[in-house]
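*Asks:* Just so it is clear, I am handing over coords29.txt, which has compact mmCIF, C-alpha atoms and all ligand atoms.
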# COMPACT_ATOMS: atom_id res chain seq x y z
CA MET J 93 18.34 3.02 22.49
CA MET J 94 15.41 1.51 20.67
CA LYS J 95 13.94 3.45 17.81
CA LYS J 96 10.40 4.70 18.52
CA LEU J 97 8.39 3.58 15.52
CA LEU J 98 5.58 5.41 13.72
CA SER J 99 3.08 2.87 15.02
CA GLY J 100 4.10 3.76 18.61
CA ARG J 101 5.77 0.38 19.18
CA SER J 102 9.34 0.25 20.30
CA THR J 103 10.20 -3.31 19.31
CA VAL J 104 11.97 -3.99 16.08
CA ILE J 105 10.23 -6.29 13.63
CA LYS J 106 11.36 -8.09 10.53
CA VAL J 107 8.85 -9.47 8.04
CA CYS J 108 9.89 -12.73 6.37
CA LYS J 109 8.12 -13.97 3.28
CA PHE J 110 8.82 -17.57 2.27
CA GLY J 111 8.15 -18.42 -1.37
CA GLY J 112 6.69 -21.67 -2.73
CA SER J 113 9.99 -23.57 -2.95
CA SER J 114 10.72 -22.66 0.69
CA VAL J 115 7.54 -24.44 1.86
CA ALA J 116 7.62 -27.26 -0.69
CA ASN J 117 8.11 -30.12 1.79
CA ALA J 118 8.95 -31.04 5.40
CA ALA J 119 12.70 -30.54 4.87
CA GLN J 120 12.03 -26.94 3.81
CA PHE J 121 9.77 -26.37 6.83
CA ARG J 122 12.70 -27.41 9.05
CA LYS J 123 14.94 -24.85 7.37
CA ILE J 124 12.32 -22.15 7.95
CA LYS J 125 12.15 -23.04 11.63
CA ASP J 126 15.93 -22.63 11.97
CA ILE J 127 15.82 -19.31 10.16
CA VAL J 128 12.99 -17.73 12.13
CA ASN J 129 14.13 -19.04 15.51
CA LYS J 130 17.60 -17.66 14.97
CA ASP J 131 16.38 -14.09 15.17
CA ASN J 132 13.74 -12.80 17.59
CA GLU J 133 13.05 -9.83 15.35
CA ARG J 134 11.68 -12.21 12.70
CA LYS J 135 8.14 -11.88 13.98
CA ILE J 136 5.85 -11.77 10.94
CA ILE J 137 6.01 -14.71 8.56
CA VAL J 138 4.17 -14.72 5.25
CA ALA J 139 3.93 -17.99 3.32
CA SER J 140 3.21 -18.89 -0.29
CA ALA J 141 1.45 -22.10 -1.26
CA CYS J 142 3.63 -25.22 -1.40
CA GLY J 143 5.72 -25.07 -4.55
CA LYS J 144 7.79 -27.64 -6.41
CA ALA J 145 9.99 -29.88 -4.27
CA TYR J 146 11.65 -31.33 -7.39
CA LYS J 147 11.63 -30.54 -11.12
CA GLU J 148 8.61 -32.62 -12.16
CA ASP J 149 6.60 -31.70 -9.06
CA HIS J 150 3.64 -29.28 -9.22
CA LYS J 151 2.85 -26.04 -7.43
CA VAL J 152 -0.30 -26.32 -5.34
CA THR J 153 -1.70 -23.07 -6.80
CA ASP J 154 -1.29 -24.50 -10.32
CA LEU J 155 -3.09 -27.68 -9.22
CA LEU J 156 -5.98 -25.64 -7.81
CA TYR J 157 -6.30 -23.76 -11.11
CA LEU J 158 -6.22 -27.12 -12.85
CA CYS J 159 -9.07 -28.45 -10.68
CA GLU J 160 -11.10 -25.44 -11.67
CA ALA J 161 -10.40 -25.97 -15.36
CA HIS J 162 -11.39 -29.66 -15.09
CA LYS J 163 -14.60 -28.68 -13.35
CA LYS J 164 -15.38 -26.17 -16.11
CA TYR J 165 -15.14 -28.87 -18.76
CA GLY J 166 -17.03 -31.43 -16.70
CA MET J 167 -13.96 -33.62 -16.13
CA SER J 168 -13.01 -35.36 -12.92
CA TYR J 169 -10.57 -33.52 -10.69
CA ASP J 170 -10.25 -36.24 -8.04
CA ASP J 171 -6.69 -37.21 -9.03
CA ILE J 172 -5.56 -33.60 -8.83
CA LEU J 173 -7.11 -33.20 -5.38
CA SER J 174 -5.29 -36.36 -4.30
CA LEU J 175 -1.98 -34.82 -5.35
CA ILE J 176 -2.75 -31.74 -3.24
CA GLU J 177 -3.77 -33.88 -0.30
CA THR J 178 -0.69 -36.13 -0.46
CA LYS J 179 1.67 -33.17 -0.66
CA HIS J 180 0.28 -31.72 2.58
CA GLN J 181 -0.23 -35.06 4.31
CA ASP J 182 3.46 -35.90 3.78
CA ILE J 183 4.43 -32.69 5.58
CA ILE J 184 1.97 -33.41 8.40
CA ASP J 185 3.26 -36.97 8.85
CA GLU J 186 6.93 -36.14 8.62
CA LEU J 187 6.70 -33.26 11.10
CA ASP J 188 4.17 -35.03 13.29
CA LEU J 189 1.65 -32.18 13.21
CA HIS J 190 -1.86 -32.36 14.61
CA PHE J 191 -4.04 -31.16 11.78
CA ASN J 192 -7.27 -32.44 10.30
CA LEU J 193 -6.43 -32.29 6.62
CA LYS J 194 -9.41 -34.43 5.63
CA GLU J 195 -11.80 -31.79 6.94
CA GLU J 196 -10.00 -29.06 4.94
CA MET J 197 -10.02 -31.18 1.78
CA ASP J 198 -13.78 -31.66 2.18
CA LYS J 199 -14.16 -27.88 2.34
CA ILE J 200 -12.15 -27.58 -0.88
CA ARG J 201 -14.48 -30.15 -2.50
CA ASP J 202 -17.45 -28.04 -1.38
CA LEU J 203 -15.86 -24.93 -2.89
CA LEU J 204 -15.48 -26.79 -6.16
CA LYS J 205 -19.19 -27.51 -6.18
CA LYS J 206 -20.06 -23.81 -5.86
CA SER J 207 -19.90 -21.62 -8.92
CA SER J 208 -18.90 -18.36 -7.25
CA ALA J 209 -16.02 -19.31 -4.98
CA SER J 210 -13.16 -19.34 -7.46
CA ASP J 211 -10.83 -16.94 -5.60
CA GLU J 212 -11.39 -18.72 -2.34
CA LEU J 213 -10.57 -22.05 -3.98
CA ILE J 214 -7.34 -20.71 -5.52
CA SER J 215 -6.30 -19.21 -2.16
CA ARG J 216 -6.40 -22.58 -0.35
CA GLY J 217 -2.76 -23.35 -1.12
CA GLU J 218 -1.55 -20.40 0.96
CA TYR J 219 -4.16 -21.15 3.62
CA LEU J 220 -3.00 -24.76 4.05
CA SER J 221 0.75 -24.12 3.97
CA SER J 222 0.37 -21.29 6.50
CA ARG J 223 -1.83 -23.32 8.83
CA LEU J 224 0.76 -26.11 8.86
CA LEU J 225 3.66 -23.70 9.27
CA SER J 226 2.01 -21.94 12.19
CA ILE J 227 1.52 -25.25 14.00
CA TYR J 228 5.08 -26.33 13.32
CA LEU J 229 6.52 -23.00 14.51
CA ASP J 230 4.13 -22.77 17.45
CA ALA J 231 3.15 -19.38 16.07
CA GLU J 232 -0.20 -17.62 15.86
CA PHE J 233 -2.07 -18.17 12.61
CA VAL J 234 -3.68 -14.95 11.35
CA ASP J 235 -5.92 -15.59 8.37
CA ALA J 236 -5.32 -13.12 5.54
CA LYS J 237 -9.06 -12.94 4.99
CA ASP J 238 -9.39 -11.26 8.41
CA VAL J 239 -6.63 -8.69 7.97
CA ILE J 240 -5.80 -7.99 4.32
CA CYS J 241 -8.54 -5.71 2.99
CA PHE J 242 -9.53 -4.86 -0.56
CA ASP J 243 -11.91 -2.18 -1.82
CA TYR J 244 -14.75 -3.33 -4.06
CA ASP J 245 -12.73 -2.04 -7.03
CA GLY J 246 -10.00 -4.57 -6.20
CA LYS J 247 -7.43 -2.13 -4.78
CA LEU J 248 -5.75 -2.87 -1.46
CA ASP J 249 -7.23 -0.82 1.36
CA ILE J 250 -4.15 -0.02 3.45
CA GLU J 251 -5.97 1.90 6.20
CA SER J 252 -8.45 -0.91 6.93
CA THR J 253 -5.66 -3.50 6.74
CA LYS J 254 -3.69 -1.48 9.27
CA GLU J 255 -6.63 -1.22 11.63
CA LYS J 256 -7.25 -4.96 11.49
CA PHE J 257 -3.65 -6.16 11.56
CA LEU J 258 -1.94 -3.93 14.14
CA PRO J 259 -3.65 -5.46 17.23
CA TYR J 260 -2.13 -8.85 16.35
CA LEU J 261 1.34 -7.40 16.89
CA GLU J 262 0.66 -7.33 20.62
CA THR J 263 0.96 -11.10 20.81
CA GLN J 264 4.19 -12.49 22.23
CA LYS J 265 4.25 -15.23 19.61
CA LYS J 266 5.42 -15.08 16.06
CA ILE J 267 2.65 -14.61 13.51
CA VAL J 268 2.06 -16.57 10.30
CA VAL J 269 -0.10 -14.95 7.61
CA PRO J 270 -0.95 -16.61 4.28
CA GLY J 271 0.15 -14.55 1.29
CA PHE J 272 -1.70 -13.89 -1.97
CA TYR J 273 -5.22 -13.19 -0.71
CA GLY J 274 -7.43 -11.01 1.43
CA SER J 275 -11.09 -10.13 1.45
CA LEU J 276 -13.54 -7.62 0.05
CA PRO J 277 -15.59 -5.42 2.42
CA ASN J 278 -18.36 -8.09 2.41
CA GLY J 279 -15.89 -10.75 3.60
CA VAL J 280 -15.63 -12.58 0.27
CA ILE J 281 -12.09 -13.83 -0.40
CA LYS J 282 -10.16 -12.13 -3.19
CA THR J 283 -6.79 -13.26 -4.54
CA MET J 284 -4.01 -11.05 -5.92
CA SER J 285 -2.27 -11.61 -9.23
CA ARG J 286 0.20 -14.52 -9.48
CA GLY J 287 3.19 -14.17 -7.18
CA GLY J 288 1.08 -11.92 -4.95
CA SER J 289 2.50 -13.20 -1.65
CA ASP J 290 5.34 -10.74 -2.27
CA ILE J 291 2.74 -7.97 -2.02
CA THR J 292 1.28 -9.32 1.23
CA GLY J 293 4.75 -9.31 2.78
CA SER J 294 5.50 -5.81 1.59
CA LEU J 295 2.18 -4.47 2.81
CA LEU J 296 2.63 -5.98 6.27
CA ALA J 297 6.20 -4.64 6.42
CA ASN J 298 4.78 -1.18 5.74
CA ILE J 299 2.09 -1.51 8.38
CA ALA J 300 4.43 -2.93 11.02
CA ASP J 301 7.14 -0.32 10.26
CA ALA J 302 9.47 -3.24 9.76
CA LYS J 303 13.22 -2.81 9.96
CA VAL J 304 13.59 -5.01 6.89
CA TYR J 305 11.42 -7.09 4.57
CA GLU J 306 13.17 -10.42 4.05
CA ASN J 307 12.07 -12.23 0.94
CA TRP J 308 13.24 -15.85 1.24
CA THR J 309 13.46 -17.79 -2.00
CA ASP J 310 15.72 -20.37 -3.67
CA VAL J 311 18.42 -18.05 -5.02
CA SER J 312 21.03 -16.20 -2.99
CA GLY J 313 20.01 -12.75 -4.15
CA ILE J 314 19.86 -10.94 -7.46
CA TYR J 315 22.61 -11.61 -9.95
CA VAL J 316 24.28 -9.03 -12.20
CA CYS J 317 22.93 -10.99 -15.15
CA ASP J 318 21.02 -14.14 -15.98
CA PRO J 319 22.97 -17.29 -14.92
CA ARG J 320 21.69 -18.98 -18.07
CA ILE J 321 23.79 -16.51 -20.07
CA ILE J 322 26.82 -16.05 -17.78
CA LYS J 323 27.87 -19.01 -15.64
CA ASP J 324 28.05 -18.08 -11.94
CA PRO J 325 27.53 -14.35 -12.39
CA LYS J 326 28.39 -11.99 -9.52
CA ARG J 327 25.70 -11.32 -6.96
CA ILE J 328 24.48 -7.75 -6.54
CA ASP J 329 25.06 -6.72 -2.91
CA ILE J 330 23.04 -3.50 -2.99
CA ILE J 331 20.61 -2.23 -5.59
CA THR J 332 18.21 0.72 -5.41
CA TYR J 333 14.47 0.35 -5.95
CA ASP J 334 14.77 2.46 -9.11
CA GLU J 335 17.52 0.27 -10.54
CA LEU J 336 15.49 -2.84 -9.75
CA ARG J 337 12.45 -1.36 -11.46
CA GLU J 338 14.50 -0.90 -14.66
CA MET J 339 15.86 -4.44 -14.42
CA SER J 340 12.43 -5.98 -13.83
CA TYR J 341 10.85 -4.07 -16.70
CA MET J 342 13.50 -5.48 -18.98
CA GLY J 343 13.20 -9.10 -17.97
CA ALA J 344 14.72 -9.72 -14.53
CA ASN J 345 12.15 -11.68 -12.62
CA VAL J 346 12.82 -11.02 -8.95
CA LEU J 347 9.78 -9.72 -7.11
CA HIS J 348 6.20 -8.95 -7.96
CA ASP J 349 6.20 -5.40 -9.40
CA GLU J 350 3.60 -4.15 -6.96
CA ALA J 351 5.62 -5.36 -3.98
CA ILE J 352 8.04 -2.45 -4.24
CA PHE J 353 5.67 0.44 -3.54
CA PRO J 354 4.54 -0.29 0.06
CA VAL J 355 8.10 -0.72 1.35
CA LYS J 356 9.52 2.08 -0.74
CA GLU J 357 7.00 4.46 0.78
CA LYS J 358 8.51 3.84 4.23
CA ASP J 359 12.11 3.40 3.16
CA ILE J 360 12.15 -0.22 4.31
CA PRO J 361 14.90 -2.27 2.65
CA ILE J 362 14.07 -5.59 1.00
CA ASN J 363 16.57 -8.39 1.54
CA ILE J 364 16.44 -11.22 -1.01
CA ARG J 365 17.67 -14.38 0.77
CA ASN J 366 18.03 -18.08 0.05
CA THR J 367 16.26 -20.54 2.38
CA ASN J 368 18.74 -23.21 1.25
CA GLU J 369 21.77 -21.05 1.99
CA PRO J 370 20.71 -18.93 4.98
CA ASP J 371 24.19 -17.64 5.81
CA ASN J 372 24.49 -15.90 2.47
CA GLU J 373 23.54 -12.25 3.01
CA GLY J 374 21.78 -12.02 -0.34
CA THR J 375 20.89 -8.74 -2.00
CA MET J 376 19.68 -5.57 -0.29
CA ILE J 377 17.19 -3.43 -2.19
CA VAL J 378 17.22 0.11 -0.80
CA SER J 379 15.88 3.61 -1.55
CA THR J 380 19.21 5.29 -1.97
CA ALA J 381 22.69 3.89 -1.92
CA ASP J 382 26.19 5.30 -1.89
CA GLN J 383 27.99 5.57 -5.15
CA ALA J 384 28.57 2.06 -6.40
CA SER J 385 32.10 0.80 -6.80
CA MET J 386 31.17 -0.46 -10.27
CA PRO J 387 29.41 1.70 -12.88
CA ILE J 388 27.09 -1.17 -13.76
CA THR J 389 24.75 -2.80 -11.26
CA GLY J 390 22.99 -5.20 -13.58
CA ILE J 391 22.54 -6.25 -17.20
CA THR J 392 19.27 -7.65 -18.37
CA GLY J 393 17.31 -7.96 -21.55
CA LYS J 394 14.53 -9.53 -23.55
CA LYS J 395 14.07 -10.92 -27.03
CA ASN J 396 11.11 -10.78 -29.37
CA PHE J 397 10.58 -7.12 -30.13
CA ALA J 398 9.50 -5.51 -33.40
CA VAL J 399 10.46 -2.09 -34.71
CA VAL J 400 8.07 -0.10 -36.85
CA THR J 401 10.00 2.68 -38.65
CA VAL J 402 8.13 5.54 -40.25
CA VAL J 403 9.85 7.83 -42.79
CA LYS J 404 8.39 11.03 -44.18
CA SER J 405 10.34 13.97 -45.62
CA ASN J 406 9.94 17.15 -43.64
CA SER J 407 7.85 15.43 -40.96
CA SER J 408 9.95 17.12 -38.26
CA SER J 409 8.07 20.36 -39.00
CA GLU J 410 4.62 18.70 -39.11
CA VAL J 411 2.83 19.29 -35.80
CA GLY J 412 1.12 16.19 -34.35
CA PHE J 413 2.85 13.74 -36.73
CA LEU J 414 4.08 11.42 -33.99
CA LYS J 415 0.77 11.65 -32.14
CA LYS J 416 -1.16 10.46 -35.21
CA ALA J 417 1.09 7.43 -35.54
CA LEU J 418 0.84 6.57 -31.85
CA GLU J 419 -2.94 6.69 -32.13
CA VAL J 420 -2.77 3.76 -34.54
CA PHE J 421 -0.91 1.74 -31.90
CA GLU J 422 -3.54 2.76 -29.37
CA HIS J 423 -6.26 1.61 -31.74
CA TYR J 424 -4.65 -1.86 -31.81
CA ASN J 425 -4.28 -1.70 -28.01
CA ILE J 426 -0.51 -2.19 -28.14
CA PRO J 427 1.71 -0.85 -25.36
CA ILE J 428 4.77 1.00 -26.63
CA VAL J 429 8.11 -0.04 -25.21
CA LEU J 430 10.36 2.66 -26.71
CA VAL J 431 10.25 5.42 -29.28
CA THR J 432 13.41 6.67 -30.96
CA THR J 433 13.31 9.68 -33.26
CA GLY J 434 15.38 10.99 -36.14
CA ILE J 435 14.85 14.20 -38.14
CA ASP J 436 12.39 12.88 -40.69
CA SER J 437 11.79 9.45 -39.26
CA PHE J 438 11.00 7.70 -36.03
CA SER J 439 10.86 4.12 -34.80
CA VAL J 440 8.40 2.58 -32.40
CA ILE J 441 9.46 -0.56 -30.57
CA ILE J 442 6.80 -2.98 -29.40
CA ASP J 443 6.74 -6.40 -27.82
CA LYS J 444 5.83 -8.96 -30.50
CA ASN J 445 3.79 -10.93 -27.98
CA ASP J 446 1.41 -7.98 -27.89
CA ILE J 447 0.60 -7.95 -31.58
CA ASP J 448 1.16 -11.13 -33.61
CA THR J 449 0.44 -11.03 -37.32
CA ALA J 450 -1.58 -7.79 -37.25
CA ILE J 451 1.70 -5.89 -37.34
CA TYR J 452 1.68 -5.60 -41.15
CA GLU J 453 -1.91 -4.42 -41.14
CA LEU J 454 -0.93 -1.82 -38.51
CA ALA J 455 2.05 -0.66 -40.60
CA ASN J 456 -0.20 -0.26 -43.60
CA ASN J 457 -2.69 1.78 -41.57
CA ILE J 458 0.08 4.11 -40.44
CA LYS J 459 1.20 4.55 -44.04
CA ILE J 460 -2.31 5.53 -45.13
CA LYS J 461 -3.11 7.72 -42.12
CA LEU J 462 0.18 9.63 -42.18
CA ASP J 463 0.58 9.65 -45.92
CA CYS J 464 4.27 8.81 -45.57
CA GLU J 465 6.91 7.51 -47.95
CA ASP J 466 7.84 4.41 -46.12
CA VAL J 467 6.80 2.30 -43.15
CA SER J 468 8.98 -0.73 -42.50
CA VAL J 469 8.79 -3.50 -39.97
CA TYR J 470 11.81 -5.27 -38.50
CA ASP J 471 10.84 -8.06 -36.19
CA GLY J 472 14.02 -9.69 -34.93
CA LEU J 473 15.04 -7.18 -32.29
CA SER J 474 16.19 -7.85 -28.76
CA LEU J 475 16.77 -5.20 -26.12
CA VAL J 476 19.64 -5.26 -23.66
CA CYS J 477 19.35 -2.96 -20.69
CA VAL J 478 22.43 -1.88 -18.78
CA VAL J 479 21.46 -0.53 -15.35
CA GLY J 480 23.64 1.30 -12.84
CA ARG J 481 23.41 4.29 -10.55
CA GLY J 482 27.18 4.53 -10.98
CA MET J 483 26.84 5.38 -14.69
CA LYS J 484 25.62 8.91 -13.95
CA SER J 485 28.95 10.09 -12.72
CA LYS J 486 31.01 8.08 -15.18
CA LEU J 487 31.80 10.15 -18.23
CA GLY J 488 31.66 8.44 -21.61
CA MET J 489 29.93 5.26 -20.38
CA SER J 490 27.58 5.00 -23.37
CA GLY J 491 30.47 5.67 -25.77
CA LYS J 492 32.45 2.85 -24.14
CA ILE J 493 29.53 0.44 -24.47
CA PHE J 494 29.03 1.31 -28.13
CA SER J 495 32.67 0.94 -29.09
CA LEU J 496 32.85 -2.34 -27.17
CA LEU J 497 29.89 -3.70 -29.14
CA GLY J 498 31.41 -2.41 -32.38
CA ASP J 499 34.69 -4.19 -31.57
CA ASN J 500 32.66 -7.38 -31.10
CA SER J 501 30.98 -6.93 -34.50
CA ILE J 502 27.59 -6.33 -32.89
CA ASN J 503 25.38 -4.01 -34.89
CA ILE J 504 23.38 -1.61 -32.67
CA ARG J 505 19.97 -0.94 -34.17
CA THR J 506 18.54 1.39 -31.50
CA ILE J 507 19.80 3.28 -28.48
CA SER J 508 17.96 4.86 -25.61
CA GLN J 509 19.11 6.38 -22.35
CA GLY J 510 16.67 6.96 -19.48
CA ALA J 511 16.28 10.60 -18.36
CA ASP J 512 17.63 9.74 -14.91
CA GLU J 513 20.76 8.26 -16.53
CA ILE J 514 20.61 5.02 -14.59
CA SER J 515 19.94 2.89 -17.65
CA ILE J 516 21.05 2.55 -21.23
CA ILE J 517 19.04 0.32 -23.57
CA VAL J 518 20.56 -0.98 -26.78
CA GLY J 519 18.57 -2.78 -29.43
CA VAL J 520 20.52 -5.53 -31.17
CA GLU J 521 19.65 -8.37 -33.51
CA GLU J 522 18.43 -11.50 -31.79
CA LYS J 523 21.48 -13.49 -32.89
CA ASP J 524 23.68 -10.99 -30.98
CA PHE J 525 21.66 -11.01 -27.75
CA THR J 526 23.84 -13.35 -25.67
CA ASN J 527 27.08 -11.95 -27.01
CA THR J 528 25.99 -8.39 -26.16
CA ILE J 529 25.30 -9.29 -22.54
CA SER J 530 28.47 -11.33 -22.11
CA SER J 531 30.70 -8.69 -23.74
CA ILE J 532 29.36 -5.96 -21.44
CA TYR J 533 29.67 -8.23 -18.40
CA LYS J 534 33.27 -9.19 -19.17
CA GLU J 535 34.33 -5.60 -19.83
CA PHE J 536 32.62 -3.74 -16.98
CA VAL J 537 31.85 -6.26 -14.24
CA LEU J 538 34.63 -8.83 -14.13
N1 LIG J 601 0.81 -19.17 -4.86
C1 LIG J 601 0.62 -18.01 -5.69
C2 LIG J 601 1.25 -18.25 -7.05
O1 LIG J 601 1.73 -19.35 -7.32
C3 LIG J 601 1.10 -16.76 -5.06
C4 LIG J 601 2.55 -16.75 -4.62
O2 LIG J 601 3.21 -17.77 -4.58
O3 LIG J 601 3.04 -15.68 -4.32
O4 LIG J 601 1.25 -17.36 -7.86
Please, can you express the file's structure as structure tokens?
*Replies:*
Amino acid sequence: MMKKLLSGRSTVIKVCKFGGSSVANAAQFRKIKDIVNKDNERKIIVASACGKAYKEDHKVTDLLYLCEAHKKYGMSYDDILSLIETKHQDIIDELDLHFNLKEEMDKIRDLLKKSSASDELISRGEYLSSRLLSIYLDAEFVDAKDVICFDYDGKLDIESTKEKFLPYLETQKKIVVPGFYGSLPNGVIKTMSRGGSDITGSLLANIADAKVYENWTDVSGIYVCDPRIIKDPKRIDIITYDELREMSYMGANVLHDEAIFPVKEKDIPINIRNTNEPDNEGTMIVSTADQASMPITGITGKKNFAVVTVVKSNSSSEVGFLKKALEVFEHYNIPIVLVTTGIDSFSVIIDKNDIDTAIYELANNIKIKLDCEDVSVYDGLSLVCVVGRGMKSKLGMSGKIFSLLGDNSINIRTISQGADEISIIVGVEEKDFTNTISSIYKEFVL
């Protein structure tokens, strides 16, 4: 029997978002057609702007930003517009589509003449790719500006979006919606942050009570660790939203951060799939999952952190000591990544990209403000994050990781375990970064 959905509909819907590489040229459009026609439940299609078809190629969104920059400095942007035009014209010609691209390019030229249309200009990549895709799929084009609503403060207005979008679900056809943009209450187009088409897809999956949100890209799911570090790493079959959040925070670049919340709210799984390998089932991202067969789901990490260590005798009994130090970081507007504490010392870990050379000035300010014996800065730290819901029930996991790293002559400079026990972060010297990840992978995953 069909599940009665919250929206009152009884049909099952899948939302499919196709990223830039999936709409990069006519060959990719053909793959999309095969994918969506293979499954009637694939009703809502969200498209990014055309991405790179080959290594030296350009993403249309980048080209639009470039046009804007040229305009700002009074330079000609005609050649860049020609690149955008050719990229779309090639798709039109190869797929024999009826579409007046010249008219659309003239509108883009008009937008470039205005001073206040920047978001609309940047959104034209998604608009064009989605118009072409809807013609090619014989689907209904639903402009994001008519259905994706923002408040004046820039937040997505889910209720208004729902009201505007739900009636379109009545159509028998499939629907194509451009990702990445929507409109303010006065109708002016507003774009999201980069990679925002992921958010559009997630939002529409929420509104349509989708069975699954398929995110089609150019990799066959999420890997246990970065393929640049481990050749052909294992694919993660199932990962929870919480595990993914830990992995993304520590460097895994899978989905736009904000894309998780709308689907998580309704328990809708996200399926990361590969347009170039559609039979591969990819990775499922879910709310809760059974105990994993392996303790570790993923290993990720980032380089380029600095550690500021503050030492003061008897500071453990001084109320507000840590607070005073953290206020100095706040003064410099630096987000704190981790804090580790000892009895009479503590260390604050920050991302070096957030501070630059002011770090020594900051350390000096802490020394003066807290009147402490020593403040030192170590700036060659990398963090490796081991994530796994299976670690909770596995006794001695952190001990095993530490002795493994010791056996591999890797010096651990900091340790931190999340309160929910699904992640352990170890700070190691930058020279040991790759070796740390590969040792953990070989021991616990292979
Ligand atoms: N085209 C936009 C970007 O390049 C949005 C997206 O692809 O999701 O960031």
*Asks:* Which residues come within 8 Å of J:Asn366, counting all atoms listed in the file, excluding same-chain residues fewer than 5 positions away, as number ranges by chain?
*Replies:* J: 308-313, 372, 374
*Asks:* Any idea what the distance is between atom CA of J:Gly271 and atom C3 of ligand LIG 601 (chain J)?
*Replies:* 6.8 Å
*Asks:* Please provide as a list in words all residues within 10 Å of J:Gln509, with the sequence filter that same-chain residues fewer than 3 positions apart are discarded (counting only C-alpha atoms).
*Replies:*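 Contacts, with the query itself left out: Cys477, Val478, Ser490, Asp512, Glu513, Ile514, Ser515, Ile516, Ile517 and Val518 of chain J.
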*Asks:* Show me which residues sit within 7 Å of ligand LIG 601 (chain J) when counting only C-alpha atoms and all ligand atoms, and put them as a list in words.
*Replies:* Gly111, Gly112, Ser140, Ala141, Lys151, Thr153, Asp154, Gly217, Glu218, Gly271, Phe272, Ser285, Arg286, Gly287, Gly288, Ser289 and Asp290 of chain J
*Asks:* How big is the axis-aligned box around all listed atoms of stretch 213-226 of chain J once 3 Å goes on each side, and where's its centre, in Å to one decimal, as AutoDock Vina command-line options?
*Replies:*
--center_x -3.5 --center_y -22.7 --center_z 3.3 --size_x 20.2 --size_y 12.9 --size_z 23.7
*Asks:* May I have the protein, DNA and RNA residues with any atom at most 12 Å from the point (-0.2, -31.6, 8.4), counting all atoms listed in the file, written as a PyMOL selection string?
*Replies:* chain J and resi 117-118+121+176-197+220-228
*Asks:* Would you kindly return, as a list of chain:residue names, each protein, DNA or RNA residue with an atom no farther than 10 Å from any atom of J:Ile504, considering all atoms listed in the file and excluding same-chain residues fewer than 5 positions away?
*Replies:*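 Close residues of J:Ile504: J:Leu475, J:Phe494, J:Leu497, J:Gly498, J:Val518, J:Gly519, J:Val520, J:Glu521, J:Asp524, J:Thr528.
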*Asks:* Rounded to one decimal, what separation in Å do you get between atom CA of J:Gly166 and atom CA of J:Ser208?
*Replies:*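 Rounded to one decimal, the two atoms are 16.2 Å apart.
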*Asks:* In Å, with one decimal, what is the gap from atom CA of J:Glu251 to atom CA of J:Ile360?
*Replies:*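 Separating atom CA of J:Glu251 from atom CA of J:Ile360 is a distance of 18.3 Å.
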*Asks:* Nearest to J:Ala236 among J:Ile322, J:Ala139, J:Asn298, J:Val378, with distances taken over all atoms listed in the file: which residue is it?
*Replies:*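 With all atoms listed in the file as the atom set, the closest residue is J:Ala139.
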*Asks:* With all atoms listed in the file as the atoms that count, which of J:Leu229, J:Lys484, J:Ala116, J:Lys395 lies nearest to J:Lys144?
*Replies:*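 For J:Lys144, the nearest of the given residues is J:Ala116.
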*Asks:* List the spatial neighbours of J:Lys125 as a list in words - criterion: any atom at most 12 Å away, only C-alpha atoms, same-chain residues fewer than 3 positions off excluded.
*Replies:* Cys108, Phe110, Ser114, Val115, Ala118, Ala119, Gln120, Phe121, Arg122, Val128, Asn129, Lys130, Asp131, Asn132, Arg134, Ile137, Leu187, Leu225, Ser226, Ile227, Tyr228, Leu229, Asp230, Ala231, Lys266, Thr367 and Pro370 of chain J
*Asks:* Pick from J:Ile532, J:Val420, J:Ile136, J:Val400: nearest to J:Thr506, with only C-alpha atoms counted?
*Replies:* J:Val400
*Asks:* In terms of the shortest atom-to-atom distance over only C-alpha atoms, which of J:Tyr260, J:Phe397, J:Tyr169, J:Phe413 is closest to J:Leu430?
*Replies:*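 Comparing J:Tyr260, J:Phe397, J:Tyr169, J:Phe413 against J:Leu430, the winner is J:Phe397.
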*Asks:* Go through J:Arg327, J:Val346, J:Val476, J:Arg481 one by one, measure the shortest atom-to-atom distance of each to J:Asp382 using only C-alpha atoms, and give the residue with the smallest value.
*Replies:* J:Arg481
*Asks:* Could you name the residues that touch J:Glu419 at 12 Å or less, counting all atoms listed in the file, but leaving out those on the same chain fewer than 4 positions away, as a count of residues only?
*Replies:* 15
*Asks:* Would you mind telling me which residue in J:Ile502, J:Ala209, J:Ile328, J:Ala302 lies nearest to J:Val107 when using all atoms listed in the file?
*Replies:* J:Ala302
*Asks:* Take stretch 484-488 of chain J, bring it up to N, CA and C atoms, and give me the output as a short mmCIF file (atom, residue, chain, number, x, y, z; two decimals), in the frame of the given file.
*Replies:*
data_model
loop_
_atom_site.label_atom_id
_atom_site.label_comp_id
_atom_site.auth_asym_id
_atom_site.auth_seq_id
_atom_site.Cartn_x
_atom_site.Cartn_y
_atom_site.Cartn_z
N LYS J 484 25.88 7.47 -13.92
CA LYS J 484 25.62 8.91 -13.95
C LYS J 484 26.91 9.71 -13.90
N SER J 485 27.76 9.30 -12.96
CA SER J 485 28.95 10.09 -12.72
C SER J 485 30.12 9.65 -13.59
N LYS J 486 29.89 8.64 -14.39
CA LYS J 486 31.01 8.08 -15.18
C LYS J 486 30.94 8.63 -16.60
N LEU J 487 31.82 9.53 -16.90
CA LEU J 487 31.80 10.15 -18.23
C LEU J 487 32.08 9.13 -19.33
N GLY J 488 31.35 9.24 -20.43
CA GLY J 488 31.66 8.44 -21.61
C GLY J 488 31.23 6.99 -21.52
#
